[in-house]
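K.L.:
The file below is query_25.txt, compact mmCIF, N, CA and C atoms:
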# COMPACT_ATOMS: atom_id res chain seq x y z
N MET A 49 101.02 97.77 99.41
CA MET A 49 100.90 98.66 98.28
C MET A 49 100.90 97.82 97.00
N VAL A 50 99.98 98.12 96.12
CA VAL A 50 99.85 97.38 94.87
C VAL A 50 101.13 97.46 94.05
N ILE A 51 101.74 98.63 94.01
CA ILE A 51 102.95 98.81 93.20
C ILE A 51 104.08 97.90 93.68
N SER A 52 104.22 97.74 94.99
CA SER A 52 105.28 96.87 95.49
C SER A 52 105.00 95.41 95.13
N HIS A 53 103.73 95.01 95.11
CA HIS A 53 103.40 93.65 94.68
C HIS A 53 103.72 93.46 93.20
N LEU A 54 103.53 94.52 92.44
CA LEU A 54 103.79 94.46 91.00
C LEU A 54 105.27 94.28 90.70
N THR A 55 106.11 94.97 91.43
CA THR A 55 107.54 95.04 91.06
C THR A 55 108.47 94.18 91.90
N ALA A 56 107.97 93.62 92.99
CA ALA A 56 108.85 92.87 93.90
C ALA A 56 109.27 91.52 93.33
N ARG A 57 110.40 91.01 93.85
CA ARG A 57 110.80 89.64 93.52
C ARG A 57 109.72 88.70 94.05
N PRO A 58 109.49 87.57 93.40
CA PRO A 58 108.47 86.63 93.87
C PRO A 58 108.70 86.24 95.33
N SER A 59 107.64 86.25 96.08
CA SER A 59 107.72 85.93 97.51
C SER A 59 107.63 84.43 97.73
N CYS A 60 108.21 83.97 98.83
CA CYS A 60 108.08 82.57 99.25
C CYS A 60 106.78 82.36 100.01
N ASP A 61 106.20 83.43 100.53
CA ASP A 61 104.91 83.36 101.22
C ASP A 61 103.83 83.15 100.17
N LEU A 62 103.05 82.07 100.30
CA LEU A 62 102.07 81.71 99.27
C LEU A 62 101.02 82.78 99.04
N ILE A 63 100.55 83.41 100.09
CA ILE A 63 99.52 84.44 99.95
C ILE A 63 100.08 85.67 99.24
N ILE A 64 101.25 86.10 99.65
CA ILE A 64 101.86 87.26 99.00
C ILE A 64 102.20 86.93 97.55
N ALA A 65 102.71 85.73 97.29
CA ALA A 65 103.03 85.32 95.92
C ALA A 65 101.78 85.33 95.04
N ALA A 66 100.67 84.87 95.59
CA ALA A 66 99.41 84.88 94.84
C ALA A 66 98.97 86.31 94.54
N ARG A 67 99.10 87.19 95.53
CA ARG A 67 98.73 88.59 95.32
C ARG A 67 99.65 89.25 94.29
N GLN A 68 100.92 88.89 94.31
CA GLN A 68 101.85 89.42 93.31
C GLN A 68 101.41 88.99 91.91
N GLU A 69 101.06 87.73 91.78
CA GLU A 69 100.65 87.22 90.47
C GLU A 69 99.37 87.88 89.99
N VAL A 70 98.39 88.03 90.86
CA VAL A 70 97.14 88.71 90.50
C VAL A 70 97.44 90.14 90.08
N THR A 71 98.28 90.82 90.84
CA THR A 71 98.63 92.21 90.52
C THR A 71 99.25 92.29 89.14
N ARG A 72 100.16 91.39 88.83
CA ARG A 72 100.80 91.40 87.51
C ARG A 72 99.79 91.12 86.40
N GLU A 73 98.85 90.20 86.66
CA GLU A 73 97.83 89.87 85.66
C GLU A 73 96.89 91.05 85.41
N VAL A 74 96.58 91.79 86.45
CA VAL A 74 95.59 92.87 86.35
C VAL A 74 96.21 94.19 85.89
N TRP A 75 97.48 94.42 86.17
CA TRP A 75 98.10 95.73 85.95
C TRP A 75 97.91 96.26 84.53
N ASP A 76 98.29 95.48 83.53
CA ASP A 76 98.18 95.96 82.15
C ASP A 76 96.72 96.20 81.76
N ARG A 77 95.85 95.37 82.27
CA ARG A 77 94.42 95.56 81.99
C ARG A 77 93.90 96.84 82.65
N LEU A 78 94.34 97.12 83.86
CA LEU A 78 93.96 98.38 84.51
C LEU A 78 94.40 99.56 83.65
N LEU A 79 95.64 99.51 83.19
CA LEU A 79 96.18 100.62 82.40
C LEU A 79 95.47 100.77 81.06
N SER A 80 95.04 99.67 80.46
CA SER A 80 94.40 99.76 79.14
C SER A 80 92.89 100.00 79.23
N ASP A 81 92.23 99.48 80.26
CA ASP A 81 90.77 99.56 80.34
C ASP A 81 90.26 100.66 81.27
N CYS A 82 91.13 101.22 82.08
CA CYS A 82 90.71 102.22 83.07
C CYS A 82 91.58 103.46 82.97
N GLU A 83 91.05 104.55 83.44
CA GLU A 83 91.85 105.76 83.55
C GLU A 83 92.48 105.73 84.94
N CYS A 84 93.77 105.48 85.00
CA CYS A 84 94.47 105.29 86.27
C CYS A 84 95.25 106.54 86.67
N PHE A 85 95.29 106.77 87.97
CA PHE A 85 95.99 107.92 88.53
C PHE A 85 96.83 107.46 89.70
N VAL A 86 97.75 108.32 90.10
CA VAL A 86 98.59 108.05 91.27
C VAL A 86 98.73 109.36 92.03
N SER A 87 98.75 109.27 93.33
CA SER A 87 98.93 110.48 94.12
C SER A 87 100.40 110.66 94.46
N ALA A 88 100.75 111.87 94.83
CA ALA A 88 102.12 112.15 95.26
C ALA A 88 102.47 111.30 96.48
N LEU A 89 101.47 110.94 97.26
CA LEU A 89 101.70 110.09 98.44
C LEU A 89 102.22 108.72 98.02
N VAL A 90 101.62 108.17 96.98
CA VAL A 90 102.06 106.86 96.48
C VAL A 90 103.47 106.97 95.90
N VAL A 91 103.73 108.05 95.19
CA VAL A 91 105.06 108.24 94.62
C VAL A 91 106.10 108.34 95.73
N LEU A 92 105.79 109.08 96.79
CA LEU A 92 106.72 109.17 97.93
C LEU A 92 106.98 107.80 98.55
N GLU A 93 105.92 107.03 98.77
CA GLU A 93 106.08 105.68 99.35
C GLU A 93 106.90 104.80 98.42
N ALA A 94 106.60 104.88 97.12
CA ALA A 94 107.30 104.04 96.14
C ALA A 94 108.79 104.33 96.11
N GLY A 95 109.17 105.56 96.40
CA GLY A 95 110.57 105.94 96.36
C GLY A 95 111.37 105.59 97.60
N LYS A 96 110.73 105.03 98.61
CA LYS A 96 111.42 104.68 99.85
C LYS A 96 112.05 103.29 99.77
N GLY A 97 113.02 103.05 100.63
CA GLY A 97 113.60 101.72 100.77
C GLY A 97 114.76 101.47 99.82
N ASP A 98 114.97 100.20 99.53
CA ASP A 98 116.06 99.77 98.67
C ASP A 98 116.04 100.55 97.36
N GLU A 99 117.20 101.07 96.99
CA GLU A 99 117.32 101.94 95.82
C GLU A 99 116.86 101.27 94.52
N VAL A 100 117.26 100.03 94.31
CA VAL A 100 116.90 99.31 93.08
C VAL A 100 115.40 99.02 93.06
N ALA A 101 114.87 98.55 94.18
CA ALA A 101 113.44 98.26 94.26
C ALA A 101 112.62 99.54 94.11
N ALA A 102 113.07 100.62 94.72
CA ALA A 102 112.37 101.91 94.61
C ALA A 102 112.36 102.37 93.16
N ALA A 103 113.45 102.19 92.45
CA ALA A 103 113.50 102.59 91.04
C ALA A 103 112.48 101.81 90.21
N ARG A 104 112.33 100.52 90.49
CA ARG A 104 111.33 99.70 89.78
C ARG A 104 109.92 100.20 90.07
N ARG A 105 109.66 100.50 91.35
CA ARG A 105 108.32 101.00 91.71
C ARG A 105 108.04 102.34 91.05
N LEU A 106 109.01 103.24 91.11
CA LEU A 106 108.82 104.57 90.51
C LEU A 106 108.64 104.47 89.00
N ASP A 107 109.36 103.57 88.37
CA ASP A 107 109.22 103.38 86.93
C ASP A 107 107.80 102.90 86.59
N ALA A 108 107.23 102.07 87.44
CA ALA A 108 105.88 101.53 87.19
C ALA A 108 104.81 102.62 87.21
N VAL A 109 105.02 103.66 88.01
CA VAL A 109 104.00 104.71 88.14
C VAL A 109 104.34 106.00 87.41
N ARG A 110 105.50 106.06 86.81
CA ARG A 110 106.00 107.29 86.20
C ARG A 110 105.04 107.91 85.19
N ALA A 111 104.40 107.13 84.37
CA ALA A 111 103.54 107.66 83.30
C ALA A 111 102.12 108.00 83.77
N LEU A 112 101.77 107.64 85.00
CA LEU A 112 100.41 107.88 85.47
C LEU A 112 100.21 109.34 85.85
N PRO A 113 99.08 109.93 85.47
CA PRO A 113 98.81 111.30 85.89
C PRO A 113 98.64 111.37 87.40
N GLY A 114 99.04 112.51 87.96
CA GLY A 114 99.00 112.68 89.41
C GLY A 114 97.71 113.29 89.91
N LEU A 115 97.39 112.97 91.15
CA LEU A 115 96.23 113.56 91.83
C LEU A 115 96.69 114.70 92.72
N HIS A 116 95.85 115.69 92.83
CA HIS A 116 96.13 116.82 93.72
C HIS A 116 95.97 116.38 95.17
N VAL A 117 96.94 116.67 95.99
CA VAL A 117 96.87 116.40 97.43
C VAL A 117 96.91 117.77 98.11
N GLY A 118 95.75 118.22 98.57
CA GLY A 118 95.68 119.55 99.16
C GLY A 118 95.38 119.51 100.65
N ASP A 119 95.26 120.70 101.22
CA ASP A 119 94.94 120.82 102.64
C ASP A 119 93.61 120.17 102.98
N ASP A 120 92.67 120.23 102.03
CA ASP A 120 91.37 119.62 102.28
C ASP A 120 91.49 118.11 102.46
N ALA A 121 92.46 117.49 101.81
CA ALA A 121 92.69 116.05 102.01
C ALA A 121 93.14 115.79 103.44
N GLY A 122 93.97 116.68 103.96
CA GLY A 122 94.40 116.55 105.35
C GLY A 122 93.23 116.65 106.31
N GLN A 123 92.29 117.54 106.01
CA GLN A 123 91.12 117.68 106.88
C GLN A 123 90.26 116.42 106.84
N VAL A 124 90.00 115.90 105.65
CA VAL A 124 89.18 114.69 105.54
C VAL A 124 89.90 113.51 106.20
N ALA A 125 91.21 113.42 106.03
CA ALA A 125 91.99 112.36 106.68
C ALA A 125 91.87 112.47 108.20
N GLU A 126 91.91 113.70 108.71
CA GLU A 126 91.74 113.90 110.16
C GLU A 126 90.37 113.42 110.62
N PHE A 127 89.32 113.68 109.83
CA PHE A 127 87.98 113.18 110.16
C PHE A 127 87.97 111.65 110.20
N LEU A 128 88.63 111.03 109.21
CA LEU A 128 88.67 109.56 109.17
C LEU A 128 89.32 108.98 110.42
N VAL A 129 90.37 109.64 110.89
CA VAL A 129 91.06 109.17 112.09
C VAL A 129 90.24 109.52 113.34
N ALA A 130 89.77 110.76 113.43
CA ALA A 130 89.02 111.19 114.62
C ALA A 130 87.75 110.37 114.82
N GLU A 131 87.13 109.97 113.72
CA GLU A 131 85.88 109.20 113.81
C GLU A 131 86.15 107.70 113.79
N LYS A 132 87.42 107.32 113.94
CA LYS A 132 87.86 105.94 114.10
C LYS A 132 87.51 105.02 112.92
N ALA A 133 87.45 105.62 111.73
CA ALA A 133 87.28 104.80 110.53
C ALA A 133 88.61 104.18 110.13
N ILE A 134 89.70 104.92 110.40
CA ILE A 134 91.06 104.45 110.14
C ILE A 134 91.87 104.76 111.40
N PRO A 135 92.67 103.81 111.89
CA PRO A 135 93.42 104.04 113.13
C PRO A 135 94.41 105.20 113.01
N ALA A 136 94.65 105.88 114.12
CA ALA A 136 95.55 107.03 114.15
C ALA A 136 96.95 106.67 113.66
N GLU A 137 97.42 105.46 113.95
CA GLU A 137 98.75 105.07 113.51
C GLU A 137 98.80 104.82 112.00
N SER A 138 97.66 104.92 111.32
CA SER A 138 97.58 104.72 109.87
C SER A 138 97.13 105.99 109.17
N ALA A 139 97.61 107.13 109.66
CA ALA A 139 97.21 108.42 109.09
C ALA A 139 97.53 108.52 107.59
N GLU A 140 98.61 107.88 107.15
CA GLU A 140 98.94 107.90 105.72
C GLU A 140 97.86 107.20 104.90
N ASP A 141 97.31 106.12 105.44
CA ASP A 141 96.23 105.43 104.75
C ASP A 141 95.00 106.34 104.64
N ALA A 142 94.74 107.09 105.70
CA ALA A 142 93.62 108.03 105.68
C ALA A 142 93.84 109.09 104.60
N MET A 143 95.08 109.54 104.44
CA MET A 143 95.39 110.52 103.39
C MET A 143 95.18 109.95 102.00
N HIS A 144 95.53 108.68 101.80
CA HIS A 144 95.30 108.04 100.50
C HIS A 144 93.80 108.06 100.16
N VAL A 145 92.99 107.63 101.10
CA VAL A 145 91.55 107.55 100.87
C VAL A 145 90.97 108.95 100.67
N ALA A 146 91.36 109.89 101.52
CA ALA A 146 90.85 111.25 101.42
C ALA A 146 91.23 111.88 100.08
N THR A 147 92.46 111.68 99.65
CA THR A 147 92.91 112.23 98.37
C THR A 147 92.10 111.65 97.22
N ALA A 148 91.86 110.36 97.24
CA ALA A 148 91.07 109.72 96.18
C ALA A 148 89.64 110.26 96.19
N ALA A 149 89.05 110.39 97.36
CA ALA A 149 87.67 110.89 97.45
C ALA A 149 87.57 112.32 96.93
N LEU A 150 88.48 113.17 97.35
CA LEU A 150 88.43 114.57 96.94
C LEU A 150 88.75 114.78 95.46
N ASN A 151 89.45 113.82 94.87
CA ASN A 151 89.73 113.87 93.43
C ASN A 151 88.68 113.09 92.63
N ARG A 152 87.63 112.66 93.31
CA ARG A 152 86.49 111.97 92.68
C ARG A 152 86.89 110.70 91.94
N MET A 153 87.78 109.93 92.55
CA MET A 153 88.18 108.65 91.98
C MET A 153 87.07 107.64 92.17
N ASP A 154 86.93 106.74 91.23
CA ASP A 154 85.92 105.69 91.34
C ASP A 154 86.38 104.56 92.25
N PHE A 155 87.68 104.27 92.22
CA PHE A 155 88.24 103.15 92.96
C PHE A 155 89.54 103.54 93.66
N VAL A 156 89.80 102.88 94.79
CA VAL A 156 91.13 102.82 95.39
C VAL A 156 91.47 101.34 95.37
N VAL A 157 92.50 101.00 94.63
CA VAL A 157 92.89 99.59 94.49
C VAL A 157 94.02 99.33 95.48
N THR A 158 93.78 98.40 96.41
CA THR A 158 94.74 98.17 97.49
C THR A 158 94.68 96.73 97.98
N TRP A 159 95.82 96.27 98.45
CA TRP A 159 95.90 94.98 99.15
C TRP A 159 95.86 95.20 100.66
N ASN A 160 95.60 96.40 101.12
CA ASN A 160 95.62 96.71 102.55
C ASN A 160 94.30 96.28 103.20
N PHE A 161 94.21 94.99 103.51
CA PHE A 161 93.00 94.46 104.13
C PHE A 161 92.92 94.80 105.61
N THR A 162 94.02 95.11 106.22
CA THR A 162 94.04 95.38 107.66
C THR A 162 93.39 96.70 108.01
N ARG A 163 93.74 97.77 107.29
CA ARG A 163 93.28 99.10 107.70
C ARG A 163 92.33 99.78 106.74
N ILE A 164 92.19 99.28 105.51
CA ILE A 164 91.33 99.96 104.55
C ILE A 164 90.28 99.03 103.94
N ASN A 165 90.71 97.94 103.39
CA ASN A 165 89.86 97.13 102.52
C ASN A 165 89.33 95.88 103.22
N ASN A 166 88.46 96.10 104.19
CA ASN A 166 87.72 94.99 104.78
C ASN A 166 86.32 95.49 105.09
N ALA A 167 85.39 94.58 105.32
CA ALA A 167 83.98 94.96 105.44
C ALA A 167 83.74 96.02 106.51
N ALA A 168 84.34 95.87 107.67
CA ALA A 168 84.10 96.82 108.77
C ALA A 168 84.68 98.19 108.46
N THR A 169 85.91 98.24 107.95
CA THR A 169 86.52 99.54 107.70
C THR A 169 85.92 100.22 106.48
N ARG A 170 85.59 99.46 105.44
CA ARG A 170 84.95 100.07 104.26
C ARG A 170 83.67 100.78 104.66
N TYR A 171 82.88 100.15 105.49
CA TYR A 171 81.62 100.74 105.94
C TYR A 171 81.87 102.04 106.69
N LYS A 172 82.81 102.01 107.63
CA LYS A 172 83.12 103.21 108.42
C LYS A 172 83.69 104.32 107.55
N ILE A 173 84.62 103.96 106.68
CA ILE A 173 85.25 104.95 105.80
C ILE A 173 84.19 105.62 104.92
N ARG A 174 83.34 104.81 104.32
CA ARG A 174 82.29 105.35 103.45
C ARG A 174 81.40 106.32 104.22
N ALA A 175 80.99 105.95 105.42
CA ALA A 175 80.11 106.80 106.22
C ALA A 175 80.76 108.15 106.53
N VAL A 176 82.03 108.14 106.91
CA VAL A 176 82.73 109.38 107.23
C VAL A 176 82.89 110.25 105.99
N ILE A 177 83.35 109.66 104.91
CA ILE A 177 83.57 110.41 103.67
C ILE A 177 82.25 111.06 103.22
N GLU A 178 81.18 110.29 103.21
CA GLU A 178 79.89 110.84 102.75
C GLU A 178 79.33 111.87 103.71
N ARG A 179 79.55 111.68 105.01
CA ARG A 179 79.10 112.65 106.00
C ARG A 179 79.77 114.00 105.79
N HIS A 180 80.94 113.99 105.20
CA HIS A 180 81.68 115.22 104.97
C HIS A 180 81.56 115.71 103.52
N GLY A 181 80.53 115.25 102.84
CA GLY A 181 80.16 115.81 101.55
C GLY A 181 80.88 115.28 100.33
N CYS A 182 81.56 114.17 100.45
CA CYS A 182 82.26 113.60 99.30
C CYS A 182 81.66 112.24 98.95
N GLN A 183 81.92 111.82 97.73
CA GLN A 183 81.56 110.46 97.34
C GLN A 183 82.77 109.57 97.61
N CYS A 184 82.54 108.47 98.29
CA CYS A 184 83.64 107.57 98.62
C CYS A 184 83.93 106.65 97.44
N PRO A 185 85.20 106.54 97.07
CA PRO A 185 85.55 105.57 96.03
C PRO A 185 85.35 104.14 96.54
N GLU A 186 85.15 103.22 95.62
CA GLU A 186 85.11 101.81 95.99
C GLU A 186 86.50 101.41 96.43
N LEU A 187 86.60 100.77 97.57
CA LEU A 187 87.88 100.28 98.09
C LEU A 187 87.93 98.80 97.76
N CYS A 188 88.89 98.40 96.93
CA CYS A 188 88.90 97.01 96.47
C CYS A 188 90.31 96.54 96.18
N SER A 189 90.46 95.23 96.13
CA SER A 189 91.75 94.63 95.77
C SER A 189 91.85 94.56 94.25
N PRO A 190 93.04 94.34 93.72
CA PRO A 190 93.18 94.22 92.27
C PRO A 190 92.28 93.13 91.67
N GLU A 191 92.11 92.03 92.37
CA GLU A 191 91.29 90.96 91.81
C GLU A 191 89.80 91.29 91.81
N GLU A 192 89.38 92.26 92.60
CA GLU A 192 87.98 92.66 92.65
C GLU A 192 87.60 93.66 91.55
N VAL A 193 88.56 94.33 90.98
CA VAL A 193 88.26 95.39 90.01
C VAL A 193 87.44 94.85 88.85
N PHE A 194 87.86 93.75 88.26
CA PHE A 194 87.18 93.22 87.10
C PHE A 194 86.26 92.05 87.42
N GLY A 195 86.52 91.36 88.51
CA GLY A 195 85.64 90.29 88.97
C GLY A 195 85.69 89.01 88.18
N ASP A 196 86.63 88.86 87.27
CA ASP A 196 86.64 87.65 86.45
C ASP A 196 87.94 86.86 86.56
N LEU A 197 88.68 87.08 87.64
CA LEU A 197 89.93 86.32 87.81
C LEU A 197 89.66 85.02 88.51
Please rewrite the model in this file as structure tokens.
P.N.:
Amino acid sequence: MVISHLTARPSCDLIIAARQEVTREVWDRLLSDCECFVSALVVLEAGKGDEVAAARRLDAVRALPGLHVGDDAGQVAEFLVAEKAIPAESAEDAMHVATAALNRMDFVVTWNFTRINNAATRYKIRAVIERHGCQCPELCSPEEVFGDL
């Protein structure tokens, strides 16, 4: 989750530490140059775990306008799982993508390369979303949003 990379203590893992730094560099620019939103799903995830860390995550997203998460998002998420665009054990990820698509978001910014943001899954996700009458948001990492890092 991008928010956890933004607010977490610096990691000893070089890849995670680099992603944390990129997230911190991009965050303020995202907020100033883009219209940013957060879904209730992200807020729920941000509030889990260590109380102090959760408070930092929730504080980071507190001012962002929320996206509607309706029954139709559940249906689109079910299509994403049923059509094997997103694995069944990652149903929450399917809900994130479905919610963004149904709210006509331009981007979903994520570090989730395993289940959402890789060439094979982006292609499958886009095909399912469009087959069900929605426009798929661009699925990208924070460093891809502006392309100049």
K.L.:
With 10 Å as the threshold, what does the neighbourhood of (88.3, 112.7, 98.3) contain in terms of residues, counting only C-alpha atoms? Coordinates are those of the file; answer as a list in words.
P.N.:
His116, Val117, Asp120, Ala121, Val124, Ala125, Met143, His144, Val145, Ala146, Thr147, Ala148, Ala149, Leu150, Asn151, Arg152, Met153, Ile177, Glu178, His180, Gly181, Cys182, Gln183, Cys184 and Pro185 of chain A
K.L.:
According to DSSP computed on the backbone, where in chain A is there helix (DSSP H, G or I)? Give the residues as a PyMOL selection string.
P.N.:
chain A and resi 50-55+62-81+88-94+99-109+119-130+136-150+167-179+190-194
K.L.:
Rounded to one decimal place, report the CA of Ala56 in chain A-CA of Arg163 in chain A distance in Å.
P.N.:
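Distance between the two atoms: 21.7 Å.
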K.L.:
Considering only N, CA and C atoms, give me a table of residues in range 52-167 of chain A that are at most 5 Å from range 188-191 of chain A, with the closest atom pair and distance in Å for each, as a Markdown table.
P.N.:
| residue | atom | partner | partner_atom | distance |
| --- | --- | --- | --- | --- |
| A:Val156 | C | A:Cys188 | N | 4.2 |
| A:Val157 | CA | A:Cys188 | C | 4.3 |
| A:Thr158 | N | A:Cys188 | C | 3.9 |
K.L.:
Measuring between only C-alpha atoms, which one of A:Val90, A:Leu187, A:Leu78, A:Val129 shows the shortest distance to Tyr171 in chain A?
P.N.:
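Of the candidates, the smallest distance to Tyr171 in chain A is held by A:Leu187.
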